[in-house]
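Below is structure.txt, holding compact mmCIF, C-alpha atoms.
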# COMPACT_ATOMS: atom_id res chain seq x y z
CA MET W 1 14.35 -32.74 -22.40
CA SER W 2 16.19 -29.86 -24.07
CA GLU W 3 13.84 -28.03 -26.40
CA ARG W 4 14.64 -24.70 -27.98
CA ILE W 5 14.19 -22.66 -31.11
CA ILE W 6 17.27 -22.97 -33.31
CA ALA W 7 18.16 -20.09 -35.60
CA PRO W 8 20.78 -20.49 -38.33
CA LYS W 9 24.00 -18.74 -37.32
CA SER W 10 27.05 -19.11 -39.52
CA ARG W 11 30.61 -18.06 -40.16
CA GLY W 12 30.88 -18.17 -43.90
CA PHE W 13 29.67 -21.60 -44.99
CA LEU W 14 30.12 -23.09 -41.49
CA PHE W 15 27.02 -23.14 -39.27
CA LEU W 16 27.36 -23.14 -35.49
CA ASP W 17 24.26 -25.26 -34.80
CA SER W 18 22.22 -27.88 -36.61
CA HIS W 19 18.46 -28.37 -36.69
CA PRO W 20 17.34 -31.89 -35.68
CA GLY W 21 13.95 -31.62 -37.38
CA GLY W 22 15.45 -30.35 -40.60
CA CYS W 23 18.10 -33.08 -40.64
CA ARG W 24 15.39 -35.69 -40.08
CA GLN W 25 13.24 -34.28 -42.89
CA LEU W 26 16.23 -34.17 -45.23
CA VAL W 27 16.96 -37.85 -44.64
CA ASP W 28 13.28 -38.63 -45.26
CA GLU W 29 13.51 -36.76 -48.58
CA MET W 30 16.59 -38.69 -49.63
CA TRP W 31 14.95 -42.03 -48.79
CA GLN W 32 11.83 -41.09 -50.76
CA ALA W 33 13.98 -40.13 -53.77
CA VAL W 34 15.36 -43.67 -54.06
CA PRO W 35 13.78 -45.80 -56.80
CA ALA W 36 11.77 -48.88 -55.91
CA PRO W 37 13.92 -51.44 -54.08
CA VAL W 38 15.56 -54.26 -55.94
CA THR W 39 13.59 -57.40 -55.18
CA ALA W 40 15.57 -60.27 -53.76
CA GLY W 41 14.72 -63.30 -51.69
CA GLY W 42 15.98 -63.69 -48.16
CA GLU W 43 18.06 -61.19 -46.21
CA GLY W 44 19.88 -58.38 -47.93
CA PRO W 45 23.66 -58.28 -48.37
CA VAL W 46 25.87 -57.24 -45.50
CA ALA W 47 27.55 -53.87 -46.05
CA LEU W 48 29.92 -51.60 -44.19
CA VAL W 49 29.83 -47.87 -44.96
CA ILE W 50 32.76 -45.92 -43.55
CA GLY W 51 31.83 -42.25 -43.42
CA SER W 52 28.08 -42.89 -43.30
CA SER W 53 26.76 -39.59 -41.89
CA ALA W 54 27.48 -36.94 -44.50
CA GLY W 55 27.80 -36.23 -48.20
CA TYR W 56 28.23 -39.17 -50.51
CA GLY W 57 28.71 -41.58 -47.61
CA LEU W 58 25.26 -40.68 -46.31
CA ALA W 59 23.85 -41.11 -49.82
CA ALA W 60 25.56 -44.50 -50.07
CA THR W 61 24.00 -45.57 -46.77
CA ILE W 62 20.47 -44.46 -47.61
CA ALA W 63 20.61 -45.76 -51.20
CA GLY W 64 21.93 -49.10 -49.95
CA LEU W 65 19.23 -49.42 -47.33
CA ALA W 66 16.30 -48.26 -49.46
CA HIS W 67 17.29 -49.67 -52.87
CA VAL W 68 19.35 -52.78 -52.16
CA GLY W 69 18.06 -53.74 -48.71
CA ILE W 70 21.51 -53.85 -47.17
CA ARG W 71 22.04 -54.62 -43.52
CA GLY W 72 25.24 -54.04 -41.67
CA ILE W 73 27.24 -51.22 -40.13
CA GLY W 74 27.75 -47.50 -40.64
CA VAL W 75 30.80 -45.80 -39.14
CA CYS W 76 31.11 -42.05 -38.63
CA PHE W 77 32.59 -39.51 -36.22
CA GLU W 78 30.08 -36.98 -34.85
CA LYS W 79 29.67 -34.76 -31.80
CA ALA W 80 26.83 -35.31 -29.35
CA PRO W 81 24.49 -32.50 -28.25
CA ALA W 82 25.98 -30.50 -25.38
CA ARG W 83 26.12 -26.72 -24.97
CA ARG W 84 25.41 -26.47 -28.66
CA THR W 85 23.34 -28.83 -30.72
CA GLY W 86 24.78 -32.07 -31.95
CA THR W 87 26.45 -32.04 -35.34
CA ALA W 88 24.21 -32.41 -38.36
CA GLY W 89 25.69 -35.87 -38.93
CA TRP W 90 24.58 -36.90 -35.44
CA TYR W 91 20.97 -36.04 -36.25
CA ARG W 92 21.14 -37.48 -39.78
CA THR W 93 22.40 -40.77 -38.36
CA ALA W 94 19.55 -40.92 -35.84
CA ALA W 95 17.07 -40.28 -38.66
CA THR W 96 18.66 -42.91 -40.92
CA ALA W 97 18.58 -45.48 -38.13
CA ARG W 98 14.89 -44.73 -37.51
CA LEU W 99 14.02 -45.32 -41.17
CA ALA W 100 16.15 -48.44 -41.35
CA GLN W 101 14.29 -49.89 -38.37
CA GLN W 102 10.90 -48.93 -39.83
CA HIS W 103 11.75 -50.80 -43.03
CA GLY W 104 13.14 -53.86 -41.29
CA ARG W 105 16.81 -53.23 -42.08
CA ASP W 106 19.28 -54.37 -39.41
CA MET W 107 21.71 -51.44 -39.50
CA VAL W 108 24.07 -50.60 -36.63
CA PHE W 109 25.84 -47.24 -36.37
CA LEU W 110 29.16 -46.77 -34.58
CA ASN W 111 30.44 -43.34 -33.60
CA GLY W 112 34.21 -43.27 -33.50
CA ASP W 113 37.50 -42.70 -35.28
CA ALA W 114 37.46 -44.93 -38.38
CA PHE W 115 41.25 -44.64 -38.62
CA SER W 116 41.67 -46.41 -35.28
CA ASP W 117 42.09 -50.14 -34.79
CA THR W 118 39.64 -49.91 -31.87
CA VAL W 119 36.78 -49.15 -34.26
CA LYS W 120 38.01 -51.82 -36.67
CA GLU W 121 37.86 -54.33 -33.82
CA GLN W 122 34.32 -53.24 -32.95
CA VAL W 123 33.24 -53.71 -36.57
CA ALA W 124 34.92 -57.11 -36.80
CA ASP W 125 33.18 -58.26 -33.60
CA LEU W 126 29.80 -57.08 -34.87
CA LEU W 127 30.27 -58.82 -38.20
CA SER W 128 31.13 -62.05 -36.40
CA GLU W 129 28.41 -61.92 -33.75
CA ARG W 130 25.53 -60.21 -35.53
CA PHE W 131 25.94 -60.64 -39.28
CA GLY W 132 27.06 -64.22 -39.73
CA GLY W 133 30.76 -63.53 -40.00
CA ARG W 134 30.69 -62.25 -43.56
CA LEU W 135 30.87 -58.90 -45.34
CA ASP W 136 29.66 -58.51 -48.92
CA PHE W 137 30.33 -54.81 -49.57
CA LEU W 138 32.45 -52.02 -48.16
CA ILE W 139 31.98 -48.37 -49.14
CA TYR W 140 34.81 -46.05 -48.11
CA SER W 141 33.92 -42.34 -47.97
CA VAL W 142 36.18 -40.51 -45.55
CA ALA W 143 37.09 -36.81 -45.64
CA ALA W 144 39.09 -35.84 -42.58
CA PRO W 145 41.52 -33.14 -41.49
CA ARG W 146 43.90 -35.53 -39.74
CA ARG W 147 44.70 -39.19 -39.11
CA THR W 148 46.60 -40.97 -36.36
CA ASP W 149 48.59 -43.96 -37.57
CA PRO W 150 47.58 -46.90 -35.33
CA ASP W 151 51.03 -48.49 -35.64
CA THR W 152 53.29 -45.51 -34.95
CA GLY W 153 51.02 -43.00 -33.23
CA ASN W 154 52.13 -40.36 -35.75
CA VAL W 155 49.48 -37.73 -36.51
CA TYR W 156 49.15 -36.61 -40.13
CA ALA W 157 47.27 -33.47 -41.23
CA SER W 158 45.75 -32.91 -44.66
CA VAL W 159 45.96 -29.55 -46.44
CA LEU W 160 44.23 -27.94 -49.43
CA LYS W 161 47.11 -26.51 -51.42
CA PRO W 162 48.29 -26.36 -55.03
CA ILE W 163 51.55 -28.03 -55.96
CA GLY W 164 54.50 -26.10 -57.39
CA SER W 165 53.33 -22.49 -57.37
CA PRO W 166 50.73 -20.23 -55.74
CA TYR W 167 47.21 -20.52 -57.08
CA THR W 168 44.92 -17.56 -57.63
CA THR W 169 41.28 -18.20 -58.39
CA LYS W 170 37.89 -16.61 -58.29
CA THR W 171 35.79 -17.66 -55.35
CA LEU W 172 32.28 -16.99 -54.07
CA VAL W 173 31.60 -15.45 -50.67
CA PHE W 174 28.61 -13.81 -49.04
CA ASP W 175 28.94 -10.59 -47.08
CA GLU W 176 27.42 -10.00 -43.62
CA TYR W 177 24.10 -9.09 -45.24
CA GLY W 178 24.00 -12.20 -47.41
CA ALA W 179 24.92 -10.43 -50.65
CA PRO W 180 27.09 -12.55 -52.99
CA GLU W 181 30.57 -11.38 -53.91
CA VAL W 182 33.06 -12.80 -56.39
CA LYS W 183 36.57 -12.29 -55.12
CA GLU W 184 40.05 -13.49 -55.96
CA VAL W 185 41.98 -15.54 -53.43
CA THR W 186 45.52 -16.82 -53.58
CA THR W 187 46.60 -20.06 -51.94
CA ALA W 188 50.27 -20.70 -51.20
CA PRO W 189 51.74 -23.91 -52.63
CA ALA W 190 52.50 -27.07 -50.71
CA GLU W 191 55.76 -27.06 -48.85
CA GLY W 192 57.78 -29.49 -46.79
CA ASP W 193 55.89 -32.76 -46.39
CA ASP W 194 52.42 -31.31 -47.10
CA ILE W 195 51.83 -33.74 -49.96
CA GLU W 196 52.92 -36.80 -48.00
CA GLN W 197 50.84 -35.72 -45.00
CA THR W 198 47.73 -35.24 -47.14
CA VAL W 199 48.20 -38.57 -48.88
CA ALA W 200 48.59 -40.26 -45.49
CA VAL W 201 45.17 -38.91 -44.45
CA MET W 202 43.14 -38.90 -47.66
CA GLY W 203 44.83 -41.57 -49.76
CA GLY W 204 44.23 -45.30 -49.80
CA THR W 205 46.29 -46.37 -46.78
CA ASP W 206 43.40 -46.65 -44.33
CA TRP W 207 41.07 -48.19 -46.93
CA GLU W 208 43.63 -50.93 -47.55
CA ARG W 209 44.14 -51.35 -43.81
CA TRP W 210 40.41 -51.96 -43.39
CA ILE W 211 40.43 -54.63 -46.10
CA THR W 212 43.49 -56.35 -44.64
CA PHE W 213 42.12 -56.17 -41.10
CA LEU W 214 38.84 -57.84 -42.08
CA ALA W 215 40.47 -60.32 -44.45
CA ASP W 216 42.84 -61.49 -41.70
CA ARG W 217 39.76 -62.37 -39.65
CA SER W 218 38.18 -64.25 -42.57
CA LEU W 219 35.24 -61.83 -42.64
CA LEU W 220 35.17 -61.08 -46.38
CA ALA W 221 32.62 -63.09 -48.33
CA ASP W 222 33.32 -64.72 -51.67
CA GLY W 223 32.73 -62.12 -54.35
CA PHE W 224 33.31 -59.29 -51.86
CA ALA W 225 33.30 -55.85 -53.53
CA THR W 226 34.53 -52.52 -52.25
CA ALA W 227 34.40 -48.98 -53.59
CA ALA W 228 36.16 -45.83 -52.41
CA LEU W 229 34.41 -42.60 -53.33
CA SER W 230 36.46 -40.03 -55.22
CA TYR W 231 36.23 -36.90 -57.36
CA ILE W 232 38.07 -35.51 -60.38
CA GLY W 233 36.19 -32.32 -61.18
CA SER W 234 36.50 -29.57 -63.74
CA PRO W 235 39.63 -28.14 -65.37
CA LEU W 236 38.51 -24.85 -63.78
CA THR W 237 39.29 -26.18 -60.30
CA ALA W 238 42.05 -28.63 -61.20
CA ALA W 239 44.97 -26.58 -59.86
CA ILE W 240 43.60 -26.56 -56.31
CA TYR W 241 41.95 -29.97 -56.47
CA ARG W 242 43.02 -32.69 -58.89
CA GLN W 243 46.49 -31.25 -59.45
CA GLY W 244 46.90 -30.18 -55.84
CA THR W 245 47.57 -32.02 -52.59
CA ILE W 246 44.08 -33.53 -52.47
CA GLY W 247 44.52 -34.73 -56.05
CA ALA W 248 47.74 -36.48 -55.03
CA ALA W 249 45.75 -38.26 -52.32
CA LYS W 250 43.04 -39.22 -54.82
CA SER W 251 45.68 -40.62 -57.19
CA HIS W 252 47.02 -42.72 -54.32
CA LEU W 253 43.47 -43.89 -53.57
CA GLU W 254 43.03 -44.98 -57.19
CA ALA W 255 46.38 -46.77 -57.25
CA THR W 256 45.31 -48.57 -54.07
CA ALA W 257 42.11 -49.64 -55.83
CA ARG W 258 44.08 -51.27 -58.62
CA THR W 259 46.27 -53.13 -56.11
CA LEU W 260 43.26 -54.26 -54.07
CA ASP W 261 41.33 -55.26 -57.19
CA GLU W 262 44.06 -57.65 -58.25
CA ARG W 263 44.41 -59.05 -54.73
CA LEU W 264 40.69 -59.54 -54.13
CA GLY W 265 40.18 -61.01 -57.57
CA LYS W 266 42.74 -63.71 -56.85
CA THR W 267 41.63 -64.54 -53.31
CA LEU W 268 37.84 -64.07 -53.35
CA GLY W 269 36.76 -63.47 -56.91
CA GLY W 270 36.09 -59.94 -55.65
CA ARG W 271 36.48 -56.39 -56.90
CA ALA W 272 37.88 -53.07 -55.68
CA VAL W 273 37.10 -49.85 -57.53
CA THR W 274 37.01 -46.13 -57.04
CA SER W 275 33.76 -44.34 -57.79
CA VAL W 276 34.29 -40.93 -59.34
CA ASN W 277 31.28 -38.95 -58.25
CA ALA W 278 30.12 -35.64 -59.64
CA ALA W 279 29.92 -32.21 -58.06
CA ALA W 280 27.62 -31.54 -55.14
CA VAL W 281 27.33 -29.14 -52.23
CA THR W 282 28.88 -30.91 -49.25
CA GLN W 283 30.45 -29.78 -45.98
CA SER W 284 33.84 -30.79 -47.39
CA SER W 285 33.50 -29.16 -50.81
CA THR W 286 32.51 -25.73 -49.50
CA ALA W 287 35.95 -25.44 -47.86
CA ILE W 288 37.78 -25.62 -51.20
CA PRO W 289 38.58 -22.26 -52.86
CA GLY W 290 36.62 -21.81 -56.08
CA ILE W 291 34.36 -24.82 -55.63
CA ALA W 292 31.37 -22.83 -54.36
CA LEU W 293 31.52 -20.54 -57.40
CA TYR W 294 31.98 -23.48 -59.75
CA VAL W 295 29.05 -25.47 -58.36
CA GLY W 296 26.79 -22.42 -58.43
CA LEU W 297 27.67 -21.82 -62.09
CA LEU W 298 27.24 -25.51 -62.90
CA ARG W 299 23.74 -25.39 -61.45
CA GLY W 300 23.09 -22.23 -63.46
CA VAL W 301 23.95 -24.14 -66.63
CA LEU W 302 22.23 -27.44 -65.84
CA GLY W 303 19.40 -26.61 -63.46
CA ASP W 304 17.49 -29.73 -62.43
CA ALA W 305 19.57 -31.84 -64.84
CA MET W 306 22.23 -32.05 -62.11
CA VAL W 307 22.18 -35.55 -60.61
CA ALA W 308 21.93 -35.44 -56.83
CA PRO W 309 24.24 -37.64 -54.71
CA ILE W 310 21.42 -40.05 -53.88
CA GLY W 311 20.84 -40.68 -57.60
CA GLN W 312 24.54 -41.23 -58.22
CA LEU W 313 24.82 -43.71 -55.38
CA VAL W 314 21.80 -45.70 -56.57
CA GLU W 315 23.70 -46.11 -59.84
CA LEU W 316 26.84 -47.22 -57.96
CA TRP W 317 24.90 -49.81 -55.94
CA ASP W 318 23.30 -51.15 -59.13
CA GLN W 319 26.76 -51.67 -60.61
CA LEU W 320 28.28 -53.19 -57.48
CA THR W 321 25.40 -55.65 -57.04
CA GLY W 322 25.27 -56.67 -60.68
CA ALA W 323 21.86 -55.13 -61.40
CA ARG W 324 23.74 -53.26 -64.13
CA PRO W 325 27.12 -54.10 -65.68
CA LEU W 326 30.16 -52.72 -63.89
CA ASP W 327 31.21 -49.88 -66.21
CA LEU W 328 34.87 -49.04 -65.60
CA ASP W 329 37.37 -46.74 -67.28
CA ASP W 330 41.01 -47.69 -67.86
CA GLU W 331 41.93 -46.71 -64.29
CA VAL W 332 39.42 -49.14 -62.69
CA ARG W 333 37.07 -46.28 -61.90
CA VAL W 334 33.29 -46.18 -62.04
CA ARG W 335 32.49 -42.86 -63.70
CA LEU W 336 29.36 -41.21 -62.32
CA ASP W 337 30.53 -37.75 -63.39
CA THR W 338 30.11 -37.96 -67.18
CA TRP W 339 27.15 -35.55 -67.16
CA GLU W 340 29.24 -32.95 -65.32
CA LEU W 341 32.33 -33.29 -67.51
CA ASP W 342 30.44 -33.32 -70.82
CA PRO W 343 32.42 -30.88 -73.03
CA ALA W 344 29.34 -28.78 -73.83
CA VAL W 345 28.57 -28.39 -70.13
CA GLN W 346 32.15 -27.52 -69.22
CA ASN W 347 32.40 -24.99 -72.05
CA ALA W 348 29.21 -23.29 -70.85
CA VAL W 349 30.47 -23.15 -67.26
CA ALA W 350 33.89 -21.88 -68.38
CA GLU W 351 32.26 -19.07 -70.37
CA ARG W 352 30.30 -17.97 -67.32
CA TRP W 353 33.36 -18.33 -65.08
CA SER W 354 35.42 -16.00 -67.32
CA THR W 355 32.93 -13.16 -66.98
CA ALA W 356 31.74 -13.77 -63.41
CA ASN W 357 31.93 -10.78 -61.08
CA SER W 358 29.92 -9.47 -58.16
CA ASP W 359 27.67 -7.34 -60.37
CA ILE W 360 26.36 -10.14 -62.61
CA ILE W 361 26.92 -13.31 -60.58
CA THR W 362 23.20 -13.69 -59.80
CA GLU W 363 22.54 -13.83 -63.55
CA LEU W 364 25.15 -16.55 -64.14
CA ALA W 365 24.85 -18.84 -61.12
CA ASP W 366 21.89 -20.31 -59.26
CA LEU W 367 22.77 -18.77 -55.92
CA ASP W 368 19.35 -19.26 -54.35
CA TRP W 369 19.77 -23.00 -54.89
CA PHE W 370 23.37 -22.96 -53.69
CA SER W 371 22.59 -21.01 -50.52
CA ALA W 372 19.67 -23.31 -49.73
CA GLU W 373 21.86 -26.38 -50.27
CA VAL W 374 24.47 -25.07 -47.84
CA ARG W 375 21.80 -24.40 -45.23
CA ARG W 376 20.27 -27.84 -45.80
CA LEU W 377 23.60 -29.42 -44.85
CA TYR W 378 22.78 -28.28 -41.31
CA GLY W 379 19.05 -28.95 -41.41
CA PHE W 380 17.88 -25.46 -42.40
CA SER W 381 15.82 -24.38 -45.44
CA VAL W 382 14.14 -27.78 -45.58
CA PRO W 383 10.51 -27.55 -46.76
CA GLY W 384 7.91 -28.73 -44.28
CA VAL W 385 9.88 -27.80 -41.15
CA ASP W 386 8.56 -25.14 -38.75
CA TYR W 387 11.68 -23.23 -37.73
CA THR W 388 9.71 -20.98 -35.37
CA ALA W 389 8.85 -23.93 -33.11
CA ALA W 390 11.05 -25.29 -30.34
CA VAL W 391 12.63 -28.63 -31.14
CA GLU W 392 14.24 -31.33 -29.00
CA THR W 393 18.02 -31.14 -29.46
CA ASP W 394 19.06 -33.92 -27.08
CA VAL W 395 18.53 -36.72 -29.60
CA PRO W 396 20.16 -40.00 -28.49
CA TRP W 397 22.55 -42.00 -30.64
CA PRO W 398 20.84 -45.06 -32.14
CA THR W 399 21.07 -47.90 -29.65
CA LEU W 400 22.39 -51.29 -30.66
CA THR W 401 19.57 -53.76 -30.08
CA ILE W 402 19.57 -57.52 -30.45
structure tokens encoding of this file:
Amino acid sequence: MSERIIAPKSRGFLFLDSHPGGCRQLVDEMWQAVPAPVTAGGEGPVALVIGSSAGYGLAATIAGLAHVGIRGIGVCFEKAPARRTGTAGWYRTAATARLAQQHGRDMVFLNGDAFSDTVKEQVADLLSERFGGRLDFLIYSVAAPRRTDPDTGNVYASVLKPIGSPYTTKTLVFDEYGAPEVKEVTTAPAEGDDIEQTVAVMGGTDWERWITFLADRSLLADGFATAALSYIGSPLTAAIYRQGTIGAAKSHLEATARTLDERLGKTLGGRAVTSVNAAAVTQSSTAIPGIALYVGLLRGVLGDAMVAPIGQLVELWDQLTGARPLDLDDEVRVRLDTWELDPAVQNAVAERWSTANSDIITELADLDWFSAEVRRLYGFSVPGVDYTAAVETDVPWPTLTI
């Protein structure tokens, strides 16, 4: 047993420890927010979620389990408790597995490098031995700093940089006393092979490799459907995001979707799409210059009208399973971001952005909400959790049972 009181300690938006009880309660909240499950006879479809422990991948996992009744495999890469607590994703996975078991969902979680062929082999073996040798759905939601190519051993590193020229933007920070400040930051442009490196990590190469790997083992069911989760975002952040190195990777991901869609349609009557999700506070998004300010202002404009990731992923599952028609744009993308990119909303956010400074930022942006959302990523500021009580940190990884 390793019980202790865990206080939130951070460096900027990065917290040094996670709270197991808060992470568990957060997962419970997400499950409870899912609409009544779709009724279906027999066992649920078999699904693989790659990147199942955080952000939209976590939402995809919980929405699939609670709303569609999926069974299958979640893959993520998390650190176990040691000198510090485990990562938040470690505790969220344990909590998700507990709920899945309580509701009779056969869901296995693997902790490892999704880019590696070793993990792909483990998934293929599980699909063959445990899930009848067929996969109905694959959700790909991977945000990573680097990737090792299984064929060559080359290591690629992704970067957050604009393309062509330096980019200066407003950004939101909090000083050592927690007071918000609006500052300007400048990011140097991509150089050398930065774009190619980022595309190699965050583009569609590994997604396509997963599909090919499983198809070569005859593990894809007729009508198999796959979705890779993506983001476009506001014109206010386009220079660092959609028009930057990450945007180049997202464009490659979307081109891969079109190639896979044609291939799967011919071989299995299947589909491959990208799902363009809307803004949210995630561990990945807080690292992008300007995004914290933008999301805080967006919340200031929309309030509770913002659609949380769990709600967006319920909509995606409904479209993938045929509960609702698959609604695609011309680029074979499911658009779950229309409420964010509504011209009236963007105009309101842009007006606030233009005047935002440290003196009036609390009037323009919902910073209490934003700060709480950042803390919730690590299991803090979750209602119903006693943060003055000691909590067990040595939570085991969900065991694979027969």
Contacts of stretch 377-394 of chain W at 6 Å or less, counting only C-alpha atoms, minus same-chain residues fewer than 5 places along, as a count of residues only?
12
Nearby residues, (26.1, -41.8, -54.3) file frame, 9 Å, all atoms listed in the file, as a count of residues only
22
So what do you get for atom CA of W:Val119 versus atom CA of W:Ile232, distance-wise?
29.5 Å
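A straight line drawn from atom CA of W:Thr267 to atom CA of W:Ser230 is 25.1 Å long.
Across W:Lys161, W:Arg84, W:Lys79, W:Arg263, the tightest approach to W:Ala7 is made by W:Arg84 when counting only C-alpha atoms.
Residue nearest W:Trp397, chosen from W:Ala54, W:Ala47, W:Val199, W:Leu110 and counting all atoms listed in the file: W:Leu110.
Closest to W:Thr226 among W:Val155, W:Leu127, W:Ala179, W:Ile211 is W:Ile211, based on only C-alpha atoms.
For the set W:Gly51, W:Pro35, W:Pro145, W:Gly164, the residue with the smallest atom-to-atom gap to W:Ala228 is W:Gly51, counting all atoms listed in the file.
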Each side padded by 8 Å, which centre and which edge lengths in Å (one decimal) define the axis-aligned box around the listed atoms of stretch 329-344 of chain W? Give them as lines of an AutoDock Vina configuration file.
center_x = 34.5
center_y = -39.0
center_z = -67.9
size_x = 30.8
size_y = 36.4
size_z = 27.9
Name all residues at most 9 Å from W:Ala305 (count all atoms listed in the file; drop same-chain ones fewer than 3 positions away) and give them as a compact mmCIF listing (two decimals) with C-alpha atoms, in the coordinates of the input.
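Result went into result.txt, see below:
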# COMPACT_ATOMS: atom_id res chain seq x y z
CA ARG W 299 23.74 -25.39 -61.45
CA LEU W 302 22.23 -27.44 -65.84
CA TRP W 339 27.15 -35.55 -67.16
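Going from atom CA of W:Val68 to atom CA of W:Asp125 covers 23.8 Å.
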Within 8 Å of stretch 182-196 of chain W, which residues of stretch 236-352 of chain W show up? Give each one with its shortest atom-to-atom distance in Å (one decimal) and the two atoms involved, counting all atoms listed in the file, rows by chain then rising residue number, as JSON lines.
{"residue": "W:Thr245", "atom": "CA", "partner": "W:Ile195", "partner_atom": "CA", "distance": 5.3}
{"residue": "W:Ala248", "atom": "CA", "partner": "W:Ile195", "partner_atom": "CA", "distance": 7.1}
{"residue": "W:Ala249", "atom": "CA", "partner": "W:Ile195", "partner_atom": "CA", "distance": 7.9}
{"residue": "W:Pro289", "atom": "CA", "partner": "W:Val185", "partner_atom": "CA", "distance": 7.6}
{"residue": "W:Leu293", "atom": "CA", "partner": "W:Val182", "partner_atom": "CA", "distance": 8.0}
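Every protein or nucleic acid residue with an atom no more than 10 Å from W:Gln243, counting all atoms listed in the file and leaving out same-chain residues fewer than 3 positions away, appears here: Lys161, Pro162, Ile163, Gly164, Ile232, Pro235, Thr237, Ala238, Ala239, Ile240, Ile246, Gly247, Ala248, Lys250 and Ser251 of chain W.
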Test item: residues at most 7 Å from W:Ser158, all atoms listed in the file, excluding those fewer than 3 positions along its chain, as a PyMOL selection string
chain W and resi 145-146+197-198+201
